[in-house]
Amino acid sequence: MMNEPGFGVYVHWPFCRAKCPYCDFNSHVRPAADALAYASALTREIAHFAGLVPDRRVTSIFFGGGTPSLMPPAAVDMVLSTIAARWSLAASVEITLEANPTSVEASNFAGYAAAGVNRLSLGVQALDDASLKSLGREHSAAEAMAALDIAQRHFPRVSIDLIYARPGQTPDAWRDELAQALRRGTEHLSLYQLTIEPGTPFAARHKRGTLVIPEDDVAIELYEMTQAMTAAAGLPAYEVSNHARPGAESRHNCTYWRYGEYVGAGPGAHGRLQLADGRHAFQTLRAPAAWLAQVNRSGHAIADDFLLTPDEIGEEFLLMGLRLSEGVSLARFEALSGSTIDPAEMSALEEAGLLVQDRHERRIAVTAQGRQVLNAVIARLCAATIPLAWG
């Protein structure tokens, strides 16, 4: 039996020292933000969601952003104390905090560990100073490695993020950079191809022709190199962009990918909760000031609360689950969506080398080749659903 999805709590801290030019996340540059006022509001919103689903056992907590490593450790402690008071915590609860590797933020690592954080996700992004500057990062490569050393002393689990297929990056340069990261002995790597997101400064520069990213054939070469090197080092891909030693996978992110339930608290956070009438999709107000004011008035700042249809649930289930190398259960897809997938379409995708089927366990997974055209594979599967005949 595959691992259970679990129940997660995502905490969004929207503030950054500077906005990276490639980033389209809900993040805001506001140095004067009152950290404890926002933390207090987070505890109120978390309490509201706990009132909706009071009987859950928390298996993971994730502080994302923005830049959560700008939070004072006392604010992290305040939030974690509220979660522990409102729900039961699994004995092996995973508590992750995203951090930037500047020396100022690394000075907080001991405080986060004392508050209960047991996994750090370090946004290194590149290991050469020219690339870091072009990505708008505020740390140097040396500073990143020093922060990694500090993190590995304070936390039992550490992950690092790197971006590849950057402007001007060659396969030889990426090979050297990835090898350097693998030598550091972390248990988890998140390795993302640079994508040009609409509305970002990088998108404007790309449109003008002043920012040129590698051609598709080079990007594919970089991707295939990434898969081979991480697998050889004992950190195979368990998801499209994530690599880990067996047992060191991100439990929180696996809750998303396995289509579990999760609370999203903080400005612009998303959540998925199973209530008495079905599965609900939540999103809070995005603007930090508006979110804070609404929480202080109402105890939460939920902007959207949608009851998902069976078709929407089935599509989300495939979109998330087929990112994982373990794939998805067809029986669970049928139970969630009330539909099945045309066997002829699955066989056609299998013959094309894009999908594998375990007919005994009734599971499907996307192949390495299929992951490179994942959206197209999912679109074909969603178009081939057939309503189940009950009774």
# chains A, B, ... in the order shown; residues from 1 in each chain; ligands from 1
>>> select_by_dssp(residues="range 209-355 of chain A", states="alpha helix (DSSP H)", output="ChimeraX atom specification")
/A:216-232,251-257,288-298,310-321,330-337,343-351
>>> residues_around(residues="Arg44 in chain A", least_positions_apart="6", cutoff="9 Å", atoms="only C-alpha atoms", output="list in words")
Thr82, Val295, Asn296, Gly299 and His300 of chain A
>>> residues_around(residues="Leu319 in chain A", least_positions_apart="2", cutoff="10 Å", atoms="only C-alpha atoms", output="PyMOL selection string")
chain A and resi 257+259+313-317+321-324+374-375+377-379+382
>>> residues_around(residues="Phe109 in chain A", least_positions_apart="5", cutoff="12 Å", atoms="only C-alpha atoms", output="ChimeraX atom specification")
/A:68-73,76,96-104,114-122,147-155,158
>>> write_last_selection(atoms="C-alpha atoms", output="JSON list (two decimals), in the first residue's frame")
[["chain", "number", "residue", "atom", "x", "y", "z"],
["A", 68, "PRO", "CA", 9.93, 32.92, 6.20],
["A", 69, "SER", "CA", 13.52, 33.22, 7.45],
["A", 70, "LEU", "CA", 12.73, 36.90, 8.02],
["A", 71, "MET", "CA", 10.32, 35.80, 10.77],
["A", 72, "PRO", "CA", 11.61, 36.21, 14.31],
["A", 73, "PRO", "CA", 11.93, 32.79, 15.97],
["A", 76, "VAL", "CA", 7.51, 30.84, 14.46],
["A", 96, "THR", "CA", 9.82, 22.79, 7.34],
["A", 97, "LEU", "CA", 10.85, 26.42, 7.02],
["A", 98, "GLU", "CA", 12.07, 28.00, 3.77],
["A", 99, "ALA", "CA", 15.16, 30.13, 4.27],
["A", 100, "ASN", "CA", 17.47, 32.37, 2.30],
["A", 101, "PRO", "CA", 21.19, 31.76, 2.91],
["A", 102, "THR", "CA", 22.23, 35.25, 3.90],
["A", 103, "SER", "CA", 24.30, 35.54, 7.06],
["A", 104, "VAL", "CA", 21.61, 37.66, 8.75],
["A", 114, "ALA", "CA", 14.49, 25.56, 19.33],
["A", 115, "ALA", "CA", 10.93, 26.49, 18.26],
["A", 116, "GLY", "CA", 10.47, 23.03, 16.73],
["A", 117, "VAL", "CA", 11.49, 23.37, 13.07],
["A", 118, "ASN", "CA", 13.16, 20.08, 12.07],
["A", 119, "ARG", "CA", 13.65, 20.58, 8.32],
["A", 120, "LEU", "CA", 15.13, 23.57, 6.50],
["A", 121, "SER", "CA", 14.64, 24.28, 2.80],
["A", 122, "LEU", "CA", 17.48, 26.53, 1.72],
["A", 147, "ALA", "CA", 24.61, 28.85, 5.55],
["A", 148, "LEU", "CA", 24.29, 25.22, 4.45],
["A", 149, "ASP", "CA", 26.97, 24.23, 6.97],
["A", 150, "ILE", "CA", 25.08, 26.07, 9.72],
["A", 151, "ALA", "CA", 21.78, 24.49, 8.67],
["A", 152, "GLN", "CA", 23.24, 20.99, 8.74],
["A", 153, "ARG", "CA", 24.44, 21.57, 12.30],
["A", 154, "HIS", "CA", 21.03, 22.74, 13.53],
["A", 155, "PHE", "CA", 18.50, 20.63, 11.60],
["A", 158, "VAL", "CA", 18.03, 19.93, 5.03]]
>>> select_by_dssp(residues="range 40-276 of chain A", states="strand (DSSP E)", output="PyMOL selection string")
chain A and resi 57-65+88-99+119-125+157-164+188-193+237-239+242-244+261-265+270-275
>>> closest_residue(among="A:Gln357, A:Thr43, A:Gln372, A:Thr186", to="Met78 in chain A", atoms="only C-alpha atoms")
A:Thr43
>>> residues_around(residues="Ala219 in chain A", least_positions_apart="6", cutoff="9 Å", atoms="only C-alpha atoms", output="mmCIF file with C-alpha atoms, in the first residue's frame")
data_model
loop_
_atom_site.group_PDB
_atom_site.id
_atom_site.type_symbol
_atom_site.label_atom_id
_atom_site.label_comp_id
_atom_site.auth_asym_id
_atom_site.auth_seq_id
_atom_site.Cartn_x
_atom_site.Cartn_y
_atom_site.Cartn_z
ATOM 1 C CA TYR A 164 19.082 25.458 -13.955
ATOM 2 C CA ALA A 165 18.601 26.241 -17.663
ATOM 3 C CA PRO A 171 25.751 21.550 -19.858
ATOM 4 C CA GLN A 193 14.264 24.612 -14.741
ATOM 5 C CA ILE A 213 17.371 31.149 -22.004
#
>>> atom_distance(atom1="CA of Gln369 in chain A", atom2="CA of Leu194 in chain A")
19.3 Å
>>> residues_around(residues="Ala84 in chain A", least_positions_apart="4", cutoff="10 Å", atoms="only C-alpha atoms", output="VMD selection string")
chain A and resid 57 to 58 79 to 80 88 to 89
>>> closest_residue(among="A:Leu355, A:Val366, A:Ile386, A:Ala50", to="Gly338 in chain A", atoms="only C-alpha atoms")
A:Ile386
>>> closest_residue(among="A:Val11, A:Ala126, A:Cys254, A:Ala141", to="Leu191 in chain A", atoms="only C-alpha atoms")
A:Ala126
>>> residues_around(residues="Ala303 in chain A", least_positions_apart="2", cutoff="6 Å", atoms="only C-alpha atoms", output="short mmCIF file (atom, residue, chain, number, x, y, z; two decimals) with C-alpha atoms, in the first residue's frame")
data_model
loop_
_atom_site.label_atom_id
_atom_site.label_comp_id
_atom_site.auth_asym_id
_atom_site.auth_seq_id
_atom_site.Cartn_x
_atom_site.Cartn_y
_atom_site.Cartn_z
CA GLN A 283 -7.98 30.84 -0.86
CA THR A 284 -7.36 33.80 1.43
CA LEU A 285 -6.99 37.46 0.47
#
>>> closest_residue(among="A:Glu45, A:Glu249, A:Asp161, A:Asp305", to="Leu275 in chain A", atoms="only C-alpha atoms")
A:Asp305
>>> closest_residue(among="A:Ala231, A:Val124, A:Ala146, A:Ala39", to="Ser159 in chain A", atoms="only C-alpha atoms")
A:Val124
>>> decode(residues="range 38-189 of chain A", atoms="C-alpha atoms", output="compact mmCIF listing (two decimals), in the first residue's frame")
# COMPACT_ATOMS: atom_id res chain seq x y z
CA TYR A 38 1.13 39.12 11.46
CA ALA A 39 2.04 36.05 13.52
CA SER A 40 -0.84 36.78 15.88
CA ALA A 41 -3.20 37.03 12.90
CA LEU A 42 -1.86 33.72 11.58
CA THR A 43 -2.77 32.08 14.88
CA ARG A 44 -6.33 33.43 14.60
CA GLU A 45 -6.75 32.16 11.04
CA ILE A 46 -5.31 28.76 11.94
CA ALA A 47 -7.78 28.57 14.85
CA HIS A 48 -10.64 29.29 12.43
CA PHE A 49 -9.63 26.43 10.12
CA ALA A 50 -9.20 24.14 13.12
CA GLY A 51 -12.84 24.86 13.96
CA LEU A 52 -13.82 23.53 10.52
CA VAL A 53 -11.77 20.31 10.83
CA PRO A 54 -11.01 19.81 14.53
CA ASP A 55 -10.36 16.08 14.40
CA ARG A 56 -7.31 15.99 12.14
CA ARG A 57 -3.79 14.77 13.01
CA VAL A 58 -1.10 17.04 11.58
CA THR A 59 1.65 15.18 9.75
CA SER A 60 3.47 18.21 8.31
CA ILE A 61 3.80 21.97 8.70
CA PHE A 62 5.43 24.19 6.09
CA PHE A 63 6.44 27.85 6.43
CA GLY A 64 6.64 29.21 2.88
CA GLY A 65 6.77 32.61 1.28
CA GLY A 66 7.96 35.15 0.61
CA THR A 67 10.88 34.68 2.95
CA PRO A 68 9.93 32.92 6.20
CA SER A 69 13.52 33.22 7.45
CA LEU A 70 12.73 36.90 8.02
CA MET A 71 10.32 35.80 10.77
CA PRO A 72 11.61 36.21 14.31
CA PRO A 73 11.93 32.79 15.97
CA ALA A 74 9.36 33.97 18.54
CA ALA A 75 6.80 34.37 15.73
CA VAL A 76 7.51 30.84 14.46
CA ASP A 77 7.13 29.53 18.00
CA MET A 78 3.80 31.36 18.38
CA VAL A 79 2.40 29.74 15.23
CA LEU A 80 3.66 26.26 16.08
CA SER A 81 2.24 26.49 19.59
CA THR A 82 -1.18 27.33 18.16
CA ILE A 83 -1.12 24.41 15.73
CA ALA A 84 -0.13 22.03 18.54
CA ALA A 85 -2.93 23.38 20.75
CA ARG A 86 -5.61 23.07 18.06
CA TRP A 87 -4.77 19.67 16.57
CA SER A 88 -2.86 16.57 17.57
CA LEU A 89 0.60 16.26 16.02
CA ALA A 90 1.98 13.05 14.57
CA ALA A 91 4.99 11.76 16.48
CA SER A 92 7.05 12.14 13.30
CA VAL A 93 5.59 15.52 12.29
CA GLU A 94 7.73 17.25 9.66
CA ILE A 95 8.14 21.00 10.25
CA THR A 96 9.82 22.79 7.34
CA LEU A 97 10.85 26.42 7.02
CA GLU A 98 12.07 28.00 3.77
CA ALA A 99 15.16 30.13 4.27
CA ASN A 100 17.47 32.37 2.30
CA PRO A 101 21.19 31.76 2.91
CA THR A 102 22.23 35.25 3.90
CA SER A 103 24.30 35.54 7.06
CA VAL A 104 21.61 37.66 8.75
CA GLU A 105 18.96 35.00 8.22
CA ALA A 106 21.27 32.12 9.09
CA SER A 107 21.71 33.72 12.50
CA ASN A 108 18.10 32.73 13.24
CA PHE A 109 18.59 29.01 12.53
CA ALA A 110 19.24 28.04 16.16
CA GLY A 111 16.07 29.87 17.22
CA TYR A 112 13.97 28.09 14.60
CA ALA A 113 15.31 24.71 15.71
CA ALA A 114 14.49 25.56 19.33
CA ALA A 115 10.93 26.49 18.26
CA GLY A 116 10.47 23.03 16.73
CA VAL A 117 11.49 23.37 13.07
CA ASN A 118 13.16 20.08 12.07
CA ARG A 119 13.65 20.58 8.32
CA LEU A 120 15.13 23.57 6.50
CA SER A 121 14.64 24.28 2.80
CA LEU A 122 17.48 26.53 1.72
CA GLY A 123 17.02 28.72 -1.37
CA VAL A 124 20.56 28.55 -2.77
CA GLN A 125 19.39 28.82 -6.44
CA ALA A 126 22.91 28.97 -7.96
CA LEU A 127 26.50 28.30 -6.98
CA ASP A 128 28.23 31.04 -8.92
CA ASP A 129 28.12 34.71 -8.06
CA ALA A 130 27.37 36.03 -11.55
CA SER A 131 24.25 33.87 -11.81
CA LEU A 132 23.15 34.82 -8.31
CA LYS A 133 23.41 38.49 -9.22
CA SER A 134 21.40 38.00 -12.42
CA LEU A 135 18.73 36.12 -10.44
CA GLY A 136 18.45 39.03 -8.03
CA ARG A 137 19.69 37.04 -5.06
CA GLU A 138 21.26 38.85 -2.13
CA HIS A 139 23.78 36.17 -1.13
CA SER A 140 27.05 34.97 -2.63
CA ALA A 141 27.92 31.35 -3.41
CA ALA A 142 30.32 31.29 -0.45
CA GLU A 143 27.62 32.67 1.84
CA ALA A 144 25.23 29.98 0.62
CA MET A 145 27.70 27.21 1.45
CA ALA A 146 28.35 28.71 4.87
CA ALA A 147 24.61 28.85 5.55
CA LEU A 148 24.29 25.22 4.45
CA ASP A 149 26.97 24.23 6.97
CA ILE A 150 25.08 26.07 9.72
CA ALA A 151 21.78 24.49 8.67
CA GLN A 152 23.24 20.99 8.74
CA ARG A 153 24.44 21.57 12.30
CA HIS A 154 21.03 22.74 13.53
CA PHE A 155 18.50 20.63 11.60
CA PRO A 156 18.31 16.85 11.10
CA ARG A 157 16.91 17.36 7.60
CA VAL A 158 18.03 19.93 5.03
CA SER A 159 16.99 20.51 1.42
CA ILE A 160 18.50 22.93 -1.07
CA ASP A 161 16.93 24.57 -4.14
CA LEU A 162 18.80 25.19 -7.37
CA ILE A 163 17.63 26.69 -10.67
CA TYR A 164 19.08 25.46 -13.95
CA ALA A 165 18.60 26.24 -17.66
CA ARG A 166 19.62 29.78 -16.73
CA PRO A 167 20.71 32.35 -19.34
CA GLY A 168 24.03 31.32 -20.84
CA GLN A 169 24.29 28.12 -18.80
CA THR A 170 26.08 25.27 -20.58
CA PRO A 171 25.75 21.55 -19.86
CA ASP A 172 29.35 21.46 -18.58
CA ALA A 173 28.69 24.34 -16.19
CA TRP A 174 25.54 22.71 -14.82
CA ARG A 175 27.32 19.37 -14.45
CA ASP A 176 29.99 21.01 -12.27
CA GLU A 177 27.45 22.95 -10.24
CA LEU A 178 25.20 19.96 -9.59
CA ALA A 179 28.20 17.80 -8.67
CA GLN A 180 29.25 20.44 -6.14
CA ALA A 181 25.77 20.40 -4.59
CA LEU A 182 25.67 16.60 -4.44
CA ARG A 183 29.02 16.53 -2.63
CA ARG A 184 27.49 18.52 0.24
CA GLY A 185 25.58 15.46 1.42
CA THR A 186 22.06 16.90 1.73
CA GLU A 187 19.19 14.41 1.73
CA HIS A 188 16.95 16.37 -0.64
CA LEU A 189 17.38 18.58 -3.71
